[in-house]
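Since the structure comes first, as C-alpha cells, the remarks are kept for the end.
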Amino acid sequence: MEKLIADLKEEIIEALNLEDMEPDEIGEDDALFGDGLGLDSIDALELIVLLEKNYGIKIEDPKQGKDIFFSIKSMAEYITAHQK
Amino acid sequence: MMKNILKHVFIKDSVLFIDGNLVLKGENPIFAKFLKEVYKFAKIKYPKYYKMDPLSKLGFLASEVLLQNQELASYPAERIGIAVNNRASTYLVDCKHQESINHQDKYFPSPANFVYTLPNVMTGEICIRNGFKGENAVFISEIFDAAFMCNYLNTMFAANKSDLMISGFVDADENHYEAFLFLAKNDGKFNAVYAKEIEELYNQLKDKTNIEK
Amino acid sequence: MNGIQKNKEVNNNTYVVSTAMISSLGFGNKKNMDALYNGDSGVKLIDDHQLYPQKFVGARLDSKALNRCFGNIQHLSHLPANYEFTRFEKMAIITMGGVFRNIEFPTDEKTLFLLSTTKGNIDLLKPELAKKFGKERSMLWKAADIIRKFWGFENKAQVLSNACISGVEAIHIVNRMIKQGVYKHAVIVGADMLTEFVISGFMSFQSLSSQVCKPFDEGRDGLNLGEASACMFLSSDENLVPKNHDKIVVSGGGSSNDANHISGPSRTGDGQFFAISSALKEAQLSAKDIDYISAHGTATSYNDEMESKALTLAGLHEKPINSLKAYFGHTLGAAGLLESIVAIHNLKDQKILKSLGYEKLGVPLTLNIIKETKQWPMVNILKTASGFGGSNAAVIFSKLITAK
C-alpha cells in the first residue's frame, strides 16, 4: 500500500499539472477536493481517466467518484480492492 | 503614445517588449522554457497557470504583464472585455487530443486537455483571473487583421458597450508563437482606435524582435 | 479594404433578408420547419465505427444528401473545376447557396462574410486525412478562405470561434457593424460537424446523455451532440427584403463572461443575465416586450440550472421558453445561427414549438417551458447562448411591419 500511495502522489501531480507541488506535501488523508488540495470538476474527471489508464479500473458511475477520490488513501484502497 | 492605447506588450522569439521597450531577453529559445522565464519575471503566483495549454499560457502571461500597474478598479467589471485575433486556434493541444484517440488500444482522451481545445478558453482564463465580465471574442485569420479588429473595437466603443478592451493577436503553433496585446480605452467618440497606427505598431515590434533575437 | 468607415451618426436597421439551414432534420428551411412543427427529432442512436468506436446518441446530417446537394451547385464555384472540398466546407457552401437563391449576390467590399465555428475541418487531423490535405487545410482561416473563394467574395473572410456562443455572438457583432455602416451586407454561416475528435472529448467530460436529451427536465442527464450548417444574410438595405415578406430586424445583442470557471457555468446566472440586459438595452426594450425565448438549454445539470437563474433575474421566467437541443442536438458553432433561424421562422409563422424532451420542471426556479406547439402572437423574440470559457451571448429579433 505504501508504494501505491507514493506512486499515486506522483501520478496525480503529473496528471493534474500540480507543478508547484512535491509528493511529500500531499498527506495521504488530505481531502483532495474542496478545502484540501482544491481540485475541481475537471480534475475529478481526469482522475477517472487516470484510474483506467494506469490501473485498468473503469468507473461506470461518476457519482461514485466523490467517495473514491476523497483522498489518496481512499484511492489506494479502491485500487487495491478492484485491480485485476 | 497612440490615441487611446494605454499600454502594449509584445512577446515573440524569446523577447518581451513593454510599450516598445525590451524588458526581457530569454536565456532559452524553447517556447515552454521562455514562458517560464516570463512567469518568473512578472512575479506571478497563480497555480492554475500550470493547467493551461500553451496558447492560454501565452495569452495569460501577456495579459499579466499588460495589466500590471494599470488602474482598473474604477471600471465596472462588465465594462472591461477582451477580443483577440488568432491564427492557429488551439492547434498544439488539438494535436495532443488527436494523439490520445489515434489508437484503439491506447484510447484515453483527457478532459483536462480537451477543455483547452477552444481558443476562447484562453480569453476566458484572462477574464477569470481579472474578474472581467464584459464582451469577449476570438477572431481567426491568417495574419493579424488590424483593420477588422479596429472595426470591431470602434463599433463596440461607439455602441458604448465597454470602457476598456484588451485586444491584439495571440497565436502559438509548432514553429512559432506571438502575443501582441494592447489596452484600448473608449473615449466616447467614434474611431477611438486607429487601425493604421495599430498595424504600424505591430510591424515595428516585429522588426524590433528580429533585431533582438 | 475591409468595409467602409462611416461616422457614428449612422444608425441603420439590420434586416434579416434571407436564411437557409441543413441539419439532421433535413435540407432546407421548409424541410426543417415542417419536421419541427411535426415534433420530429434528428437525435438518434448512432452505430458507426467510422465515426466513433462506440454507439452513442447524436444528430447526424445525411452525407449522401449532402454530396448530392453539393453536386448540384458545384458548377457555381469560382475555384478550379477539380478542386476537392471537405465535408465541412460543403456544409457551409450549401447553406450559403440556399440564402442566395432568390437575390442578387453582393460580394463586393461592402459585404462581410463571417464563419462561426468551433472546430471546422478538425477531422483533417486524423493521420490519413492529415497526410492527404496537409496541416494548413485544418486551420479555420483556411476553411473560411476556401468557402469565400467558392462564392467569389471580394473581402477576406472572417472567423469567429468562441465556443457555443459563436453563432449568437456573430449575429450580435455583425448587427452592430451594419447598424453603424461599416458594412452594408453580411453573410454569416454557422457550421460544425460530428467528429470523433469532439465526441471523444465530450465523452471524457461524461456530459453526453444516452437518450434524447431533456432540457430543463428533472430527468435530464446530459446533452446530445449534433451537426448542422445555417446561413443568414443580413443587410441595411430594406429593399432586399422580398416584397411579400415580413420585415424582421436584429434589434439588439449582448455578450459577457462569467469570470468564474472555464467549463462550468456560473452558479448565479448573472453573466447570462448581463448579456440579456445588454441586448434589451441596445434594442430599447424591456423584459415585458419579449414574447418568446429560445434558450441555450443543453440539458446538462448545471447549464439549465444557471439559465433558470439568469432568465429569472431578467424577469423573463413567465415568458414562453424552449430549448431546441432535443430536435437538433447541440450543434456547437452552428447552434446560434440554426436556432435563431428557427426562431425567426416562428416569428413569421406566429407559432412556438414545444420544448422537446420536457415533462417536469427540474430546475430550482420556475420557468414557463412550452409544453405544446401552438400559435402565439410575437413581435420581439430573444435567443440566448452560453459556452465554454465562461462566455454568454444574447440577441433579439423584432418584427417591424406585418406584410399584407
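Chain lettering (A, B, ...) mirrors the order of the C-alpha cells, residue numbering begins at 1 for each chain separately, and ligand numbering begins at 1 in order of display.
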I'd like the neighbourhood of Gly36 (chain A) as a ChimeraX atom specification, where a residue qualifies if any of its atoms comes within 10 Å (using only C-alpha atoms), though same-chain residues fewer than 4 positions away should be ignored. /A:26-27,29-32,70-71
Could you please tell me, as a PyMOL selection string, which residues of chain B have an atom within 12 Å of chain A when using only C-alpha atoms? chain B and resi 36+45-53+100+105-116
Hey, can you spit out that residue selection with N, CA and C atoms as a PDB file, in the first residue's frame?
ATOM      1  N   LYS B  36       8.248  30.118 -18.939  1.00  0.00           N
ATOM      2  CA  LYS B  36       8.591  30.018 -17.507  1.00  0.00           C
ATOM      3  C   LYS B  36       9.382  31.248 -17.072  1.00  0.00           C
ATOM      4  N   LYS B  45       2.086  34.499  -9.081  1.00  0.00           N
ATOM      5  CA  LYS B  45       1.867  33.270  -8.332  1.00  0.00           C
ATOM      6  C   LYS B  45       0.419  32.857  -8.582  1.00  0.00           C
ATOM      7  N   TYR B  46       0.219  31.905  -9.464  1.00  0.00           N
ATOM      8  CA  TYR B  46      -1.136  31.517  -9.894  1.00  0.00           C
ATOM      9  C   TYR B  46      -1.099  30.044 -10.275  1.00  0.00           C
ATOM     10  N   PRO B  47      -1.363  29.146  -9.312  1.00  0.00           N
ATOM     11  CA  PRO B  47      -1.232  27.699  -9.550  1.00  0.00           C
ATOM     12  C   PRO B  47      -2.015  27.194 -10.770  1.00  0.00           C
ATOM     13  N   LYS B  48      -3.156  27.819 -11.046  1.00  0.00           N
ATOM     14  CA  LYS B  48      -3.973  27.365 -12.194  1.00  0.00           C
ATOM     15  C   LYS B  48      -3.218  27.533 -13.513  1.00  0.00           C
ATOM     16  N   TYR B  49      -2.191  28.358 -13.524  1.00  0.00           N
ATOM     17  CA  TYR B  49      -1.395  28.587 -14.740  1.00  0.00           C
ATOM     18  C   TYR B  49      -0.867  27.273 -15.296  1.00  0.00           C
ATOM     19  N   TYR B  50      -0.461  26.381 -14.401  1.00  0.00           N
ATOM     20  CA  TYR B  50       0.183  25.137 -14.835  1.00  0.00           C
ATOM     21  C   TYR B  50      -0.755  24.171 -15.532  1.00  0.00           C
ATOM     22  N   LYS B  51      -2.057  24.399 -15.370  1.00  0.00           N
ATOM     23  CA  LYS B  51      -3.012  23.519 -16.037  1.00  0.00           C
ATOM     24  C   LYS B  51      -3.259  23.943 -17.483  1.00  0.00           C
ATOM     25  N   MET B  52      -2.873  25.184 -17.781  1.00  0.00           N
ATOM     26  CA  MET B  52      -3.237  25.752 -19.083  1.00  0.00           C
ATOM     27  C   MET B  52      -2.440  25.128 -20.232  1.00  0.00           C
ATOM     28  N   ASP B  53      -3.040  25.185 -21.405  1.00  0.00           N
ATOM     29  CA  ASP B  53      -2.349  24.759 -22.626  1.00  0.00           C
ATOM     30  C   ASP B  53      -1.404  25.892 -23.047  1.00  0.00           C
ATOM     31  N   SER B 100      -4.371  11.208 -28.484  1.00  0.00           N
ATOM     32  CA  SER B 100      -4.967  10.366 -27.449  1.00  0.00           C
ATOM     33  C   SER B 100      -6.100   9.503 -27.981  1.00  0.00           C
ATOM     34  N   ASP B 105      -6.177   0.746 -28.860  1.00  0.00           N
ATOM     35  CA  ASP B 105      -5.687   0.088 -27.651  1.00  0.00           C
ATOM     36  C   ASP B 105      -5.079   1.077 -26.637  1.00  0.00           C
ATOM     37  N   LYS B 106      -4.970   2.344 -27.060  1.00  0.00           N
ATOM     38  CA  LYS B 106      -4.456   3.362 -26.122  1.00  0.00           C
ATOM     39  C   LYS B 106      -5.378   4.591 -26.202  1.00  0.00           C
ATOM     40  N   TYR B 107      -6.667   4.338 -25.968  1.00  0.00           N
ATOM     41  CA  TYR B 107      -7.690   5.362 -26.224  1.00  0.00           C
ATOM     42  C   TYR B 107      -8.023   6.064 -24.918  1.00  0.00           C
ATOM     43  N   PHE B 108      -7.317   7.141 -24.605  1.00  0.00           N
ATOM     44  CA  PHE B 108      -7.529   7.847 -23.343  1.00  0.00           C
ATOM     45  C   PHE B 108      -7.637   9.352 -23.535  1.00  0.00           C
ATOM     46  N   PRO B 109      -8.772   9.831 -24.085  1.00  0.00           N
ATOM     47  CA  PRO B 109      -8.913  11.292 -24.198  1.00  0.00           C
ATOM     48  C   PRO B 109      -8.950  11.930 -22.816  1.00  0.00           C
ATOM     49  N   SER B 110      -8.256  13.036 -22.673  1.00  0.00           N
ATOM     50  CA  SER B 110      -8.124  13.680 -21.370  1.00  0.00           C
ATOM     51  C   SER B 110      -9.033  14.907 -21.281  1.00  0.00           C
ATOM     52  N   PRO B 111      -9.922  14.938 -20.278  1.00  0.00           N
ATOM     53  CA  PRO B 111     -10.791  16.113 -20.132  1.00  0.00           C
ATOM     54  C   PRO B 111     -10.002  17.389 -19.853  1.00  0.00           C
ATOM     55  N   ALA B 112      -8.911  17.276 -19.114  1.00  0.00           N
ATOM     56  CA  ALA B 112      -8.103  18.452 -18.776  1.00  0.00           C
ATOM     57  C   ALA B 112      -7.467  19.045 -20.036  1.00  0.00           C
ATOM     58  N   ASN B 113      -7.243  18.211 -21.019  1.00  0.00           N
ATOM     59  CA  ASN B 113      -6.705  18.618 -22.319  1.00  0.00           C
ATOM     60  C   ASN B 113      -7.805  19.193 -23.196  1.00  0.00           C
ATOM     61  N   PHE B 114      -8.880  18.417 -23.298  1.00  0.00           N
ATOM     62  CA  PHE B 114      -9.967  18.744 -24.237  1.00  0.00           C
ATOM     63  C   PHE B 114     -10.584  20.107 -23.933  1.00  0.00           C
ATOM     64  N   VAL B 115     -10.644  20.448 -22.668  1.00  0.00           N
ATOM     65  CA  VAL B 115     -11.264  21.719 -22.295  1.00  0.00           C
ATOM     66  C   VAL B 115     -10.527  22.910 -22.924  1.00  0.00           C
ATOM     67  N   TYR B 116      -9.253  22.701 -23.259  1.00  0.00           N
ATOM     68  CA  TYR B 116      -8.471  23.779 -23.871  1.00  0.00           C
ATOM     69  C   TYR B 116      -8.509  23.787 -25.387  1.00  0.00           C
TER      70      TYR B 116
END
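In plain terms, chain C touches chain B through C:Lys8, C:Trp141, C:Val159, C:Leu160, C:Ser161, C:Asn162, C:Gly201, C:Ser204, C:Phe205, C:Ser255, C:Ser256, C:Asn257, C:Asp258, C:Ala259, C:Asn260, C:Gly389, where touching means an atom at most 6 Å away, counting only C-alpha atoms.
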I'd like the interatomic distance between CA of Thr366 (chain C) and CA of Cys164 (chain C), to a tenth of an Å. 24.9 Å
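If you take only C-alpha atoms and a cut-off of 10 Å, the residues of chain C that reach chain A are Ser204, Phe205, Gln206, His261, Ile262, Ser263 and Gly264 of chain C.
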Run DSSP on the backbone and give me the residues of region 22-191 of chain C it puts in helix (DSSP H, G or I), as a short mmCIF file (atom, residue, chain, number, x, y, z; two decimals) with N, CA and C atoms, in the first residue's frame.
data_model
loop_
_atom_site.label_atom_id
_atom_site.label_comp_id
_atom_site.auth_asym_id
_atom_site.auth_seq_id
_atom_site.Cartn_x
_atom_site.Cartn_y
_atom_site.Cartn_z
N ASN C 29 -35.11 25.16 -45.41
CA ASN C 29 -35.96 25.75 -44.37
C ASN C 29 -37.27 24.98 -44.22
N LYS C 30 -37.92 24.71 -45.34
CA LYS C 30 -39.24 24.05 -45.27
C LYS C 30 -39.14 22.68 -44.63
N LYS C 31 -38.16 21.91 -45.07
CA LYS C 31 -37.98 20.56 -44.53
C LYS C 31 -37.79 20.60 -43.02
N ASN C 32 -36.93 21.53 -42.57
CA ASN C 32 -36.64 21.64 -41.14
C ASN C 32 -37.85 22.13 -40.35
N MET C 33 -38.50 23.19 -40.84
CA MET C 33 -39.64 23.74 -40.10
C MET C 33 -40.80 22.74 -40.05
N ASP C 34 -41.07 22.05 -41.14
CA ASP C 34 -42.14 21.04 -41.15
C ASP C 34 -41.85 19.95 -40.11
N ALA C 35 -40.59 19.51 -40.09
CA ALA C 35 -40.21 18.46 -39.14
C ALA C 35 -40.37 18.94 -37.71
N LEU C 36 -39.96 20.18 -37.46
CA LEU C 36 -40.06 20.75 -36.11
C LEU C 36 -41.52 20.87 -35.68
N TYR C 37 -42.37 21.42 -36.55
CA TYR C 37 -43.79 21.60 -36.21
C TYR C 37 -44.48 20.25 -36.02
N SER C 63 -25.11 12.31 -45.15
CA SER C 63 -23.96 12.59 -46.00
C SER C 63 -24.24 12.39 -47.48
N LYS C 64 -25.08 11.40 -47.80
CA LYS C 64 -25.41 11.16 -49.22
C LYS C 64 -26.15 12.37 -49.77
N ALA C 65 -27.12 12.85 -48.98
CA ALA C 65 -27.89 14.04 -49.42
C ALA C 65 -26.97 15.24 -49.53
N LEU C 66 -26.00 15.34 -48.62
CA LEU C 66 -25.05 16.44 -48.64
C LEU C 66 -24.27 16.45 -49.95
N ASN C 67 -23.77 15.28 -50.32
CA ASN C 67 -22.97 15.22 -51.55
C ASN C 67 -23.80 15.45 -52.80
N ARG C 68 -25.05 14.98 -52.75
CA ARG C 68 -25.97 15.20 -53.89
C ARG C 68 -26.23 16.69 -54.06
N CYS C 69 -26.54 17.31 -52.96
CA CYS C 69 -26.85 18.74 -52.92
C CYS C 69 -25.65 19.55 -53.40
N PHE C 70 -24.47 19.19 -52.96
CA PHE C 70 -23.27 19.91 -53.35
C PHE C 70 -23.00 19.71 -54.83
N GLY C 71 -23.25 18.49 -55.30
CA GLY C 71 -23.08 18.20 -56.72
C GLY C 71 -23.91 19.13 -57.59
N ASN C 72 -25.08 19.53 -57.08
CA ASN C 72 -25.97 20.40 -57.85
C ASN C 72 -25.48 21.83 -57.97
N ILE C 73 -24.60 22.25 -57.06
CA ILE C 73 -24.16 23.65 -57.11
C ILE C 73 -22.68 23.79 -57.44
N GLN C 74 -22.01 22.68 -57.59
CA GLN C 74 -20.57 22.73 -57.80
C GLN C 74 -20.16 23.58 -58.99
N HIS C 75 -21.03 23.63 -60.00
CA HIS C 75 -20.71 24.39 -61.20
C HIS C 75 -20.64 25.90 -60.94
N LEU C 76 -21.17 26.33 -59.79
CA LEU C 76 -21.16 27.75 -59.45
C LEU C 76 -19.82 28.19 -58.85
N ARG C 87 -15.91 17.88 -46.27
CA ARG C 87 -17.31 17.78 -45.83
C ARG C 87 -17.77 19.06 -45.15
N PHE C 88 -16.92 19.60 -44.27
CA PHE C 88 -17.26 20.82 -43.56
C PHE C 88 -17.49 21.98 -44.54
N GLU C 89 -16.58 22.10 -45.49
CA GLU C 89 -16.69 23.18 -46.47
C GLU C 89 -17.98 23.04 -47.29
N LYS C 90 -18.30 21.81 -47.67
CA LYS C 90 -19.53 21.58 -48.44
C LYS C 90 -20.75 22.02 -47.64
N MET C 91 -20.76 21.70 -46.35
CA MET C 91 -21.88 22.07 -45.49
C MET C 91 -22.08 23.58 -45.50
N ALA C 92 -21.00 24.32 -45.35
CA ALA C 92 -21.08 25.78 -45.31
C ALA C 92 -21.49 26.35 -46.67
N ILE C 93 -20.87 25.82 -47.72
CA ILE C 93 -21.13 26.33 -49.07
C ILE C 93 -22.60 26.14 -49.46
N ILE C 94 -23.15 24.99 -49.11
CA ILE C 94 -24.54 24.69 -49.48
C ILE C 94 -25.52 25.67 -48.86
N THR C 95 -25.37 25.98 -47.58
CA THR C 95 -26.35 26.89 -46.98
C THR C 95 -26.18 28.31 -47.51
N MET C 96 -24.99 28.68 -47.88
CA MET C 96 -24.81 30.00 -48.49
C MET C 96 -25.55 30.03 -49.83
N GLY C 97 -25.48 28.92 -50.57
CA GLY C 97 -26.21 28.84 -51.82
C GLY C 97 -27.70 28.97 -51.58
N GLY C 98 -28.18 28.36 -50.51
CA GLY C 98 -29.60 28.42 -50.17
C GLY C 98 -30.05 29.84 -49.91
N VAL C 99 -29.20 30.63 -49.27
CA VAL C 99 -29.53 32.01 -48.92
C VAL C 99 -29.59 32.90 -50.15
N ILE C 122 -11.69 19.92 -38.36
CA ILE C 122 -10.87 19.22 -37.37
C ILE C 122 -10.64 17.74 -37.70
N ASP C 123 -11.53 17.16 -38.51
CA ASP C 123 -11.33 15.75 -38.88
C ASP C 123 -10.05 15.59 -39.72
N LEU C 124 -9.54 16.68 -40.25
CA LEU C 124 -8.31 16.61 -41.04
C LEU C 124 -7.06 16.40 -40.18
N LEU C 125 -7.23 16.32 -38.87
CA LEU C 125 -6.08 15.98 -38.01
C LEU C 125 -5.89 14.47 -37.94
N PRO C 127 -4.70 10.97 -38.94
CA PRO C 127 -3.45 10.73 -39.68
C PRO C 127 -3.65 10.57 -41.20
N GLU C 128 -4.66 9.80 -41.61
CA GLU C 128 -4.81 9.56 -43.06
C GLU C 128 -5.25 10.81 -43.80
N LEU C 129 -6.08 11.66 -43.14
CA LEU C 129 -6.55 12.89 -43.78
C LEU C 129 -5.49 13.99 -43.71
N ALA C 130 -4.71 13.98 -42.63
CA ALA C 130 -3.63 14.97 -42.49
C ALA C 130 -2.62 14.79 -43.61
N LYS C 131 -2.38 13.51 -43.92
CA LYS C 131 -1.43 13.19 -44.99
C LYS C 131 -1.96 13.72 -46.33
N LYS C 132 -3.27 13.57 -46.52
CA LYS C 132 -3.86 13.95 -47.81
C LYS C 132 -3.99 15.46 -47.96
N PHE C 133 -4.49 16.13 -46.92
CA PHE C 133 -4.80 17.55 -47.05
C PHE C 133 -3.74 18.49 -46.50
N GLU C 136 -2.20 22.97 -43.02
CA GLU C 136 -2.83 24.27 -43.20
C GLU C 136 -4.34 24.15 -43.46
N ARG C 137 -4.73 23.10 -44.17
CA ARG C 137 -6.15 22.94 -44.53
C ARG C 137 -7.02 22.74 -43.30
N SER C 138 -6.43 22.25 -42.20
CA SER C 138 -7.23 22.02 -40.99
C SER C 138 -7.50 23.33 -40.25
N LEU C 140 -8.89 27.05 -39.34
CA LEU C 140 -10.20 27.68 -39.55
C LEU C 140 -10.14 28.81 -40.57
N TRP C 141 -9.05 29.57 -40.57
CA TRP C 141 -8.96 30.69 -41.53
C TRP C 141 -8.90 30.15 -42.95
N LYS C 142 -8.27 28.99 -43.11
CA LYS C 142 -8.12 28.39 -44.44
C LYS C 142 -9.47 27.89 -44.95
N ALA C 143 -10.23 27.23 -44.08
CA ALA C 143 -11.56 26.75 -44.47
C ALA C 143 -12.43 27.93 -44.89
N ALA C 144 -12.38 29.01 -44.10
CA ALA C 144 -13.19 30.19 -44.41
C ALA C 144 -12.77 30.79 -45.74
N ASP C 145 -11.48 30.77 -46.00
CA ASP C 145 -10.95 31.34 -47.24
C ASP C 145 -11.44 30.55 -48.46
N ILE C 146 -11.45 29.22 -48.31
CA ILE C 146 -11.91 28.37 -49.42
C ILE C 146 -13.40 28.58 -49.66
N ILE C 147 -14.16 28.67 -48.59
CA ILE C 147 -15.60 28.87 -48.71
C ILE C 147 -15.89 30.20 -49.38
N ARG C 148 -15.20 31.26 -48.98
CA ARG C 148 -15.47 32.57 -49.60
C ARG C 148 -15.00 32.57 -51.05
N LYS C 149 -13.96 31.83 -51.38
CA LYS C 149 -13.47 31.79 -52.76
C LYS C 149 -14.45 31.03 -53.64
N PHE C 150 -15.11 30.03 -53.10
CA PHE C 150 -16.12 29.30 -53.89
C PHE C 150 -17.12 30.30 -54.45
N TRP C 151 -17.60 31.21 -53.58
CA TRP C 151 -18.62 32.17 -53.98
C TRP C 151 -18.06 33.47 -54.54
N SER C 166 -20.66 31.22 -30.37
CA SER C 166 -20.18 31.81 -31.63
C SER C 166 -21.30 32.31 -32.53
N GLY C 167 -22.33 31.48 -32.74
CA GLY C 167 -23.40 31.84 -33.67
C GLY C 167 -24.16 33.07 -33.21
N VAL C 168 -24.60 33.08 -31.97
CA VAL C 168 -25.37 34.22 -31.44
C VAL C 168 -24.48 35.46 -31.38
N GLU C 169 -23.24 35.28 -30.95
CA GLU C 169 -22.34 36.42 -30.85
C GLU C 169 -22.02 37.00 -32.23
N ALA C 170 -21.91 36.11 -33.22
CA ALA C 170 -21.64 36.58 -34.58
C ALA C 170 -22.76 37.51 -35.06
N ILE C 171 -24.00 37.11 -34.81
CA ILE C 171 -25.14 37.94 -35.23
C ILE C 171 -25.08 39.29 -34.50
N HIS C 172 -24.78 39.24 -33.21
CA HIS C 172 -24.72 40.46 -32.38
C HIS C 172 -23.63 41.42 -32.88
N ILE C 173 -22.44 40.90 -33.13
CA ILE C 173 -21.31 41.75 -33.54
C ILE C 173 -21.55 42.31 -34.95
N VAL C 174 -22.05 41.46 -35.83
CA VAL C 174 -22.29 41.90 -37.21
C VAL C 174 -23.41 42.94 -37.25
N ASN C 175 -24.44 42.73 -36.44
CA ASN C 175 -25.54 43.70 -36.36
C ASN C 175 -25.00 45.09 -36.05
N ARG C 176 -24.09 45.13 -35.09
CA ARG C 176 -23.52 46.42 -34.66
C ARG C 176 -22.76 47.08 -35.81
N MET C 177 -22.03 46.27 -36.56
CA MET C 177 -21.24 46.81 -37.68
C MET C 177 -22.14 47.32 -38.80
N ILE C 178 -23.22 46.62 -39.05
CA ILE C 178 -24.14 47.06 -40.11
C ILE C 178 -24.90 48.31 -39.65
N LYS C 179 -25.32 48.31 -38.40
CA LYS C 179 -26.03 49.48 -37.85
C LYS C 179 -25.20 50.74 -38.02
#
I want to know what sits within 9 Å of region 168-182 of chain B, based on only C-alpha atoms, with residues of the same chain fewer than 6 positions away left out; could you give that as a ChimeraX atom specification? /B:5-13,31,54-55,58-59,62-63,66,83-92,143-146,149,198,202,205
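The residues of region 83-139 of chain C that DSSP assigns to strand (DSSP E) on this backbone come out as Thr111, Leu112, Phe113, Leu114, Leu115 and Ser116 of chain C.
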Could you dump the residues just selected with N, CA and C atoms as a JSON list (two decimals), in the first residue's frame?
[["chain", "number", "residue", "atom", "x", "y", "z"],
["C", 111, "THR", "N", -19.61, 43.92, -48.37],
["C", 111, "THR", "CA", -20.18, 42.69, -47.80],
["C", 111, "THR", "C", -19.17, 41.96, -46.93],
["C", 112, "LEU", "N", -19.59, 41.63, -45.74],
["C", 112, "LEU", "CA", -18.75, 40.84, -44.84],
["C", 112, "LEU", "C", -19.18, 39.38, -44.90],
["C", 113, "PHE", "N", -18.23, 38.49, -44.99],
["C", 113, "PHE", "CA", -18.53, 37.07, -44.84],
["C", 113, "PHE", "C", -17.88, 36.58, -43.56],
["C", 114, "LEU", "N", -18.70, 36.10, -42.63],
["C", 114, "LEU", "CA", -18.20, 35.65, -41.33],
["C", 114, "LEU", "C", -18.61, 34.20, -41.09],
["C", 115, "LEU", "N", -17.64, 33.39, -40.74],
["C", 115, "LEU", "CA", -17.89, 31.98, -40.42],
["C", 115, "LEU", "C", -17.85, 31.79, -38.91],
["C", 116, "SER", "N", -18.88, 31.16, -38.38],
["C", 116, "SER", "CA", -18.94, 30.86, -36.95],
["C", 116, "SER", "C", -18.75, 29.35, -36.79]]
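With CA of Gly58 (chain C) on one side and CA of Gly333 (chain C) on the other, the separation reads 15.7 Å.
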